[in-house]
There are 2 protein chains.
Amino acid sequence: MPNHKPTAAARPDVPEAAAPVKRVRGGPKGLRIADVAAQAGVAPMTVSRVFNSPETVAPETLERVRQVVQKLGYVPNRLAGGLSSSRSRLIAAIVPTIAHSLFSETVQVFSETMSRAGYQVLLALSGYSDSSEEALLDAVLSRRPEGVLLTGVAHADSLRERLSNVGIPIVETWDMTATPIDMLVGFSHYQIGVAVAEHFLQRKVRAPGLVSANDDRALARRDGFRERLAQAGIREVAEVLVPPPSSVALGKAALPRLIEQAPKLDAVFCGSDLLAIGALGAARKLGLKVPSQLSICGFGDLEFATETTPQLTTVRVDGTRIGLTAARCLLDRLAGTDRDKVTDVGFHIVERETT
Amino acid sequence: MPNHKPTAAARPDVPEAAAPVKRVRGGPKGLRIADVAAQAGVAPMTVSRVFNSPETVAPETLERVRQVVQKLGYVPNRLAGGLSSSRSRLIAAIVPTIAHSLFSETVQVFSETMSRAGYQVLLALSGYSDSSEEALLDAVLSRRPEGVLLTGVAHADSLRERLSNVGIPIVETWDMTATPIDMLVGFSHYQIGVAVAEHFLQRKVRAPGLVSANDDRALARRDGFRERLAQAGIREVAEVLVPPPSSVALGKAALPRLIEQAPKLDAVFCGSDLLAIGALGAARKLGLKVPSQLSICGFGDLEFATETTPQLTTVRVDGTRIGLTAARCLLDRLAGTDRDKVTDVGFHIVERETT
DNA sequence: CTGAAAGCGCTTACAG
DNA sequence: CTGAAAGCGCTTACAG
């Protein structure tokens with residue numbers, strides 16, 4: 001034991017207390033609530049109240065503090081606020097993609113609505129694979145969101161369980177299930193497939209085909225489509241699956257392959273309007289008249305498609321309404337109000353041009 | 001003074017110390033790092049290292065802690081982590097809108113890239129008005145993001161100043177300026193206007209018109225367009241401004257108004273492909289042949305437009321590249337690497353069908 | 001209507 | 001390679 005100073009011996013009556021080492025951390029990075037409080041001559045708590053419950057602060061105090069806030073340019077630190085209050089004011093939106101997609105308008109309205117209510121949106125893009133969904137969920141939950149919007153209902157059981165265990169409101173969207181994790185705003189992809197099949201059957205279609213992206217929701221539409229056709233005695237349905245994201249080019253390439261499978265092809269149900277436009281282009285090249293010789297139905301009812309390709313039929317889903325309703329579901333629950341578990345927003349088949 | 005117990009009198013040698021009142025706060029809401037530490041038989045610091053610098057932890061310790069984490073389903077609280085480390089791992093993306101818009105693919109790629117690097121994206125939709133930009137910025141900065149992506153360069157001076165004062169990397173996108181706040185990835189809307197004017201001039205256009213959304217970037221394109229035409233002696237340029245967001249319907253309604261202003265109209269520069277599609281539809285109804293009697297140029301080069309309306313010319317900007325480059329700018333700076341201040345990604349005029 | 005103390009769940013900055 | 005103490009900037013839960 002080197003450096004053994006004889007302190008105790010020199011001052012036998014004073015028990016040796018280790019001098020408290022003052023640890024220093026980097027120093028202040030910016031303005032703190034205490035800075036505002038000092039300038040305004042109030043306690044930090046009062047500044048906190050000015051932001052979180054201004055109605056409980058005396059008018060003059062309020063005004064004085066606000067002026068200091070303004071002058072200093074103080075912005076509260078919500079990392080600290082959230083940690084302390086367990087209210088992150090954050091909502092996560094987990095979406096496969098927002099690029100040229102139907103989901104973008106859902107996210108748009110959802111975000112606007114949440115923002116108006118004082119929440120901010122954490123955007124989490126899941127892609128179309130589940131591979132990293134666990135990691136994505138970890139990342140999302142690490143922010144302690146107060147609610148989560150999910151796209152689709154097909155998630156690994158472990159995910160569903162984890163989500164329901166965190167005890168925050170969850171809305172699943174863009175799909176339908178009998179067993180939602182919590183709340184649901186969507187529609188049945190299977191029923192869309194059924195409806196498109198019926199639409200084709202009314203038109204006396206005999207050799208229908210299908211071009212679809214290879215994802216859960218698209219496959220549900222396919223199943224509804226095939227099963228309804230099977231009921232009507234049509235069991236041969238040409239099928240081409242393409243990897244998401246779907247595109248015009250994929251639709252264009254798919255039509256000839258469909259015709260290889262079914263030379264008498266007279267109807268195609270496409271997984272998206274982009275695929276439908278591609279199929280339409282391919283049909284033109286092959287000299288097939290749409291819709292008289294070949295009916296083509298898309299999915300999405302994109303604005304441009306309505307205008308530029310009146311030969312196409314499509315399925316319209318109100319993505320805006322989904323976003324708005326999903327936001328309301330979460331907000332109601334956060335406010336303690338009860339909410340319907342399931343909202344079916346339905347869909348419409350939009351036929352643009354008869355004949 | 002009721003309840004005045006004679007404590008001091010009864011124990012005269014013990015100075016009366018106020019019994020420290022144990023305040024209780026709601027109780028634990030979930031798992032804490034201490035719970036994992038206890039189960040794994042290590043200190044909380046070691047658990048922290050397992051997440052933040054696993055290479056500094058002994059392999060067996062690492063494994064043991066990870067198993068406990070897995071078993072318990074522990075997810076670190078980044079509100080606490082961010083507060084403590086001043087590293088929020090959050091990046092804000094401030095965009096006018098992501099609904100049916102060119103920005104959505106920029107946000108998509110930006111978000112993917114940031115996500116891969118361990119950051120999460122806070123989505124802030126500014127709309128097209130500046131009115132609430134101050135409030136939006138407050139909301140964004142309250143999360144202490146480590147970087148910000150901005151759309152456009154036209155921001156109130158107060159905003160620009162506040163942003164440059166926070167001292168985090170900022171990328172402005174989708175526009176060009178000589179005085180960026182920090183970094184910039186974009187192109188010149190003014191030059192696009194010039195280029196479209198030149199395109200029309202090459203085609204011997206005599207009575208050009210313009211349909212544009214009434215926002216800063218669209219107006220910059222207009223200015224370039226008009227000034228280049230003026231240089232060529234064309235000073236009469238019919239003009240219709242529409243409120244954002246632009247749509248097919250607005251384009252359709254605008255063309256007749258343009259023709260009222262300029263009965264011999266033979267070219268239109270539209271602020272977006274949607275407007276161009278609308279104008280094309282209106283031209284058809286009026287019996288005008290596009291492009292032989294009327295040239296129409298859009299902006300955006302949307303995939304569907306290429307395919308469905310080959311009569312239209314358009315201006316292509318690579319939104320994906322903007323998103324990727326913007327992400328790299330921020331990541332390089334966060335890694336301490338220097339970066340070009342300004343990246344001009346340019347644009348192309350896409351002429352789909354000659355004649 | 002206002003404030004002093006304690007605590008939210010982590011990480012920094014040391015020390016060993 | 002590991003850990004004990006202090007602190008990040010707020011809010012809760014009281015008390016007055």
# chains A, B, ... in the order shown; residues from 1 in each chain; ligands from 1

$ closest_atom_pairs --of "chain B" --to "chain C" --cutoff "9 Å" --atoms "only C-alpha atoms (C1' of nucleotides)" --output "tab-separated table"
residue	atom	partner	partner_atom	distance
B:Val21	CA	C:DA5	C1'	8.9
B:Lys22	CA	C:DA6	C1'	7.8
B:Arg23	CA	C:DA6	C1'	6.2
B:Val24	CA	C:DG7	C1'	8.0
B:Arg25	CA	C:DG7	C1'	7.1
B:Arg32	CA	C:DG9	C1'	6.7
B:Ile33	CA	C:DG9	C1'	7.5
B:Ala34	CA	C:DG9	C1'	8.9
B:Met45	CA	C:DT11	C1'	8.1
B:Ser48	CA	C:DT11	C1'	7.9
B:Pro76	CA	C:DC10	C1'	8.4
B:Asn77	CA	C:DG9	C1'	6.9
B:Arg78	CA	C:DC10	C1'	7.8
B:Leu79	CA	C:DC10	C1'	8.1
B:Ala80	CA	C:DC10	C1'	4.6
B:Gly81	CA	C:DC10	C1'	4.6
B:Gly82	CA	C:DC10	C1'	7.9
B:Leu83	CA	C:DC10	C1'	7.7
B:Ser84	CA	C:DT11	C1'	5.3
B:Ser85	CA	C:DT11	C1'	5.5

$ closest_atom_pairs --of "chain B" --to "chain A" --cutoff "9 Å" --atoms "only C-alpha atoms" --output "JSON lines"
{"residue": "B:Lys29", "atom": "CA", "partner": "A:Ser86", "partner_atom": "CA", "distance": 8.3}
{"residue": "B:Gly30", "atom": "CA", "partner": "A:Val166", "partner_atom": "CA", "distance": 8.6}
{"residue": "B:Gly73", "atom": "CA", "partner": "A:Arg162", "partner_atom": "CA", "distance": 8.3}
{"residue": "B:Val75", "atom": "CA", "partner": "A:Ser142", "partner_atom": "CA", "distance": 5.8}
{"residue": "B:Pro76", "atom": "CA", "partner": "A:Ser142", "partner_atom": "CA", "distance": 5.6}
{"residue": "B:Asn77", "atom": "CA", "partner": "A:Ser142", "partner_atom": "CA", "distance": 5.0}
{"residue": "B:Arg78", "atom": "CA", "partner": "A:Ser142", "partner_atom": "CA", "distance": 5.3}
{"residue": "B:Leu79", "atom": "CA", "partner": "A:Leu79", "partner_atom": "CA", "distance": 4.9}
{"residue": "B:Ala80", "atom": "CA", "partner": "A:Leu83", "partner_atom": "CA", "distance": 5.9}
{"residue": "B:Gly81", "atom": "CA", "partner": "A:Leu79", "partner_atom": "CA", "distance": 8.8}
{"residue": "B:Gly82", "atom": "CA", "partner": "A:Leu79", "partner_atom": "CA", "distance": 6.7}
{"residue": "B:Leu83", "atom": "CA", "partner": "A:Leu79", "partner_atom": "CA", "distance": 5.7}
{"residue": "B:Ser84", "atom": "CA", "partner": "A:Ala80", "partner_atom": "CA", "distance": 8.9}
{"residue": "B:Ser86", "atom": "CA", "partner": "A:Lys29", "partner_atom": "CA", "distance": 8.3}
{"residue": "B:Ser88", "atom": "CA", "partner": "A:Leu79", "partner_atom": "CA", "distance": 8.1}
{"residue": "B:Thr97", "atom": "CA", "partner": "A:Gln108", "partner_atom": "CA", "distance": 6.9}
{"residue": "B:Ile98", "atom": "CA", "partner": "A:Ser104", "partner_atom": "CA", "distance": 6.0}
{"residue": "B:Ala99", "atom": "CA", "partner": "A:Glu105", "partner_atom": "CA", "distance": 4.6}
{"residue": "B:His100", "atom": "CA", "partner": "A:His100", "partner_atom": "CA", "distance": 6.9}
{"residue": "B:Ser101", "atom": "CA", "partner": "A:His100", "partner_atom": "CA", "distance": 7.9}
{"residue": "B:Leu102", "atom": "CA", "partner": "A:His100", "partner_atom": "CA", "distance": 8.3}
{"residue": "B:Phe103", "atom": "CA", "partner": "A:Ala99", "partner_atom": "CA", "distance": 8.5}
{"residue": "B:Ser104", "atom": "CA", "partner": "A:Ala99", "partner_atom": "CA", "distance": 5.2}
{"residue": "B:Glu105", "atom": "CA", "partner": "A:Ala99", "partner_atom": "CA", "distance": 4.6}
{"residue": "B:Thr106", "atom": "CA", "partner": "A:Ala99", "partner_atom": "CA", "distance": 8.1}
{"residue": "B:Val107", "atom": "CA", "partner": "A:Ala99", "partner_atom": "CA", "distance": 8.0}
{"residue": "B:Gln108", "atom": "CA", "partner": "A:Ala99", "partner_atom": "CA", "distance": 5.8}
{"residue": "B:Val109", "atom": "CA", "partner": "A:Ala99", "partner_atom": "CA", "distance": 8.5}
{"residue": "B:Ser111", "atom": "CA", "partner": "A:Leu125", "partner_atom": "CA", "distance": 7.5}
{"residue": "B:Glu112", "atom": "CA", "partner": "A:Leu125", "partner_atom": "CA", "distance": 7.1}
{"residue": "B:Ser115", "atom": "CA", "partner": "A:Ala124", "partner_atom": "CA", "distance": 8.4}
{"residue": "B:Gly118", "atom": "CA", "partner": "A:Ala139", "partner_atom": "CA", "distance": 8.8}
{"residue": "B:Gln120", "atom": "CA", "partner": "A:Leu122", "partner_atom": "CA", "distance": 7.4}
{"residue": "B:Val121", "atom": "CA", "partner": "A:Leu123", "partner_atom": "CA", "distance": 5.7}
{"residue": "B:Leu122", "atom": "CA", "partner": "A:Leu122", "partner_atom": "CA", "distance": 4.7}
{"residue": "B:Leu123", "atom": "CA", "partner": "A:Val121", "partner_atom": "CA", "distance": 5.7}
{"residue": "B:Ala124", "atom": "CA", "partner": "A:Val121", "partner_atom": "CA", "distance": 7.4}
{"residue": "B:Leu125", "atom": "CA", "partner": "A:Glu112", "partner_atom": "CA", "distance": 7.1}
{"residue": "B:Asp138", "atom": "CA", "partner": "A:Val75", "partner_atom": "CA", "distance": 6.3}
{"residue": "B:Ala139", "atom": "CA", "partner": "A:Gln120", "partner_atom": "CA", "distance": 7.9}
{"residue": "B:Val140", "atom": "CA", "partner": "A:Gln120", "partner_atom": "CA", "distance": 8.4}
{"residue": "B:Leu141", "atom": "CA", "partner": "A:Val75", "partner_atom": "CA", "distance": 7.0}
{"residue": "B:Ser142", "atom": "CA", "partner": "A:Asn77", "partner_atom": "CA", "distance": 5.0}
{"residue": "B:Arg143", "atom": "CA", "partner": "A:Arg78", "partner_atom": "CA", "distance": 5.4}
{"residue": "B:Arg144", "atom": "CA", "partner": "A:Asn77", "partner_atom": "CA", "distance": 6.9}
{"residue": "B:Arg162", "atom": "CA", "partner": "A:Gly73", "partner_atom": "CA", "distance": 8.3}
{"residue": "B:Val166", "atom": "CA", "partner": "A:Gly30", "partner_atom": "CA", "distance": 8.6}
{"residue": "B:Ser247", "atom": "CA", "partner": "A:Glu303", "partner_atom": "CA", "distance": 8.3}
{"residue": "B:Val248", "atom": "CA", "partner": "A:Phe304", "partner_atom": "CA", "distance": 7.0}
{"residue": "B:Leu274", "atom": "CA", "partner": "A:Phe304", "partner_atom": "CA", "distance": 6.9}
{"residue": "B:Ile277", "atom": "CA", "partner": "A:Thr308", "partner_atom": "CA", "distance": 7.4}
{"residue": "B:Gly278", "atom": "CA", "partner": "A:Glu307", "partner_atom": "CA", "distance": 7.8}
{"residue": "B:Gly281", "atom": "CA", "partner": "A:Glu307", "partner_atom": "CA", "distance": 7.7}
{"residue": "B:Leu302", "atom": "CA", "partner": "A:His100", "partner_atom": "CA", "distance": 9.0}
{"residue": "B:Glu303", "atom": "CA", "partner": "A:Val248", "partner_atom": "CA", "distance": 7.5}
{"residue": "B:Phe304", "atom": "CA", "partner": "A:Leu274", "partner_atom": "CA", "distance": 6.9}
{"residue": "B:Ala305", "atom": "CA", "partner": "A:Phe304", "partner_atom": "CA", "distance": 7.8}
{"residue": "B:Glu307", "atom": "CA", "partner": "A:Ile277", "partner_atom": "CA", "distance": 7.6}
{"residue": "B:Thr308", "atom": "CA", "partner": "A:Thr308", "partner_atom": "CA", "distance": 6.1}
{"residue": "B:Thr309", "atom": "CA", "partner": "A:Thr308", "partner_atom": "CA", "distance": 7.0}

$ select_by_dssp --residues "segment 70-166 of chain B" --states "strand (DSSP E or B)" --output "count of residues only"
17

$ closest_residue --among "A:Val36, A:Val194, A:Val95, A:Val47" --to "Leu72 of chain A" --atoms "only C-alpha atoms"
A:Val36

$ atom_distance --atom1 "atom CA of Phe225 of chain B" --atom2 "atom CA of Val196 of chain B"
6.6 Å

$ atom_distance --atom1 "atom CA of Pro208 of chain B" --atom2 "atom CA of Leu250 of chain B"
18.4 Å

$ residues_around --residues "Leu331 of chain A" --least-positions-apart "4" --cutoff "10 Å" --atoms "only C-alpha atoms (C1' of nucleotides)" --output "list in words"
Thr113, Met114, Ala117, Tyr119, Glu146, Gly147, Pro169, Thr325, Ala326, Ala327, Ala335, Gly336, Thr337 and Arg339 of chain A

$ atom_distance --atom1 "atom CA of Asp318 of chain A" --atom2 "atom CA of Ala220 of chain A"
18.6 Å

$ select_by_dssp --residues "segment 43-203 of chain B" --states "alpha helix (DSSP H)" --output "ChimeraX atom specification"
/B:44-52,59-72,78-85,103-116,133-141,157-166,189-202
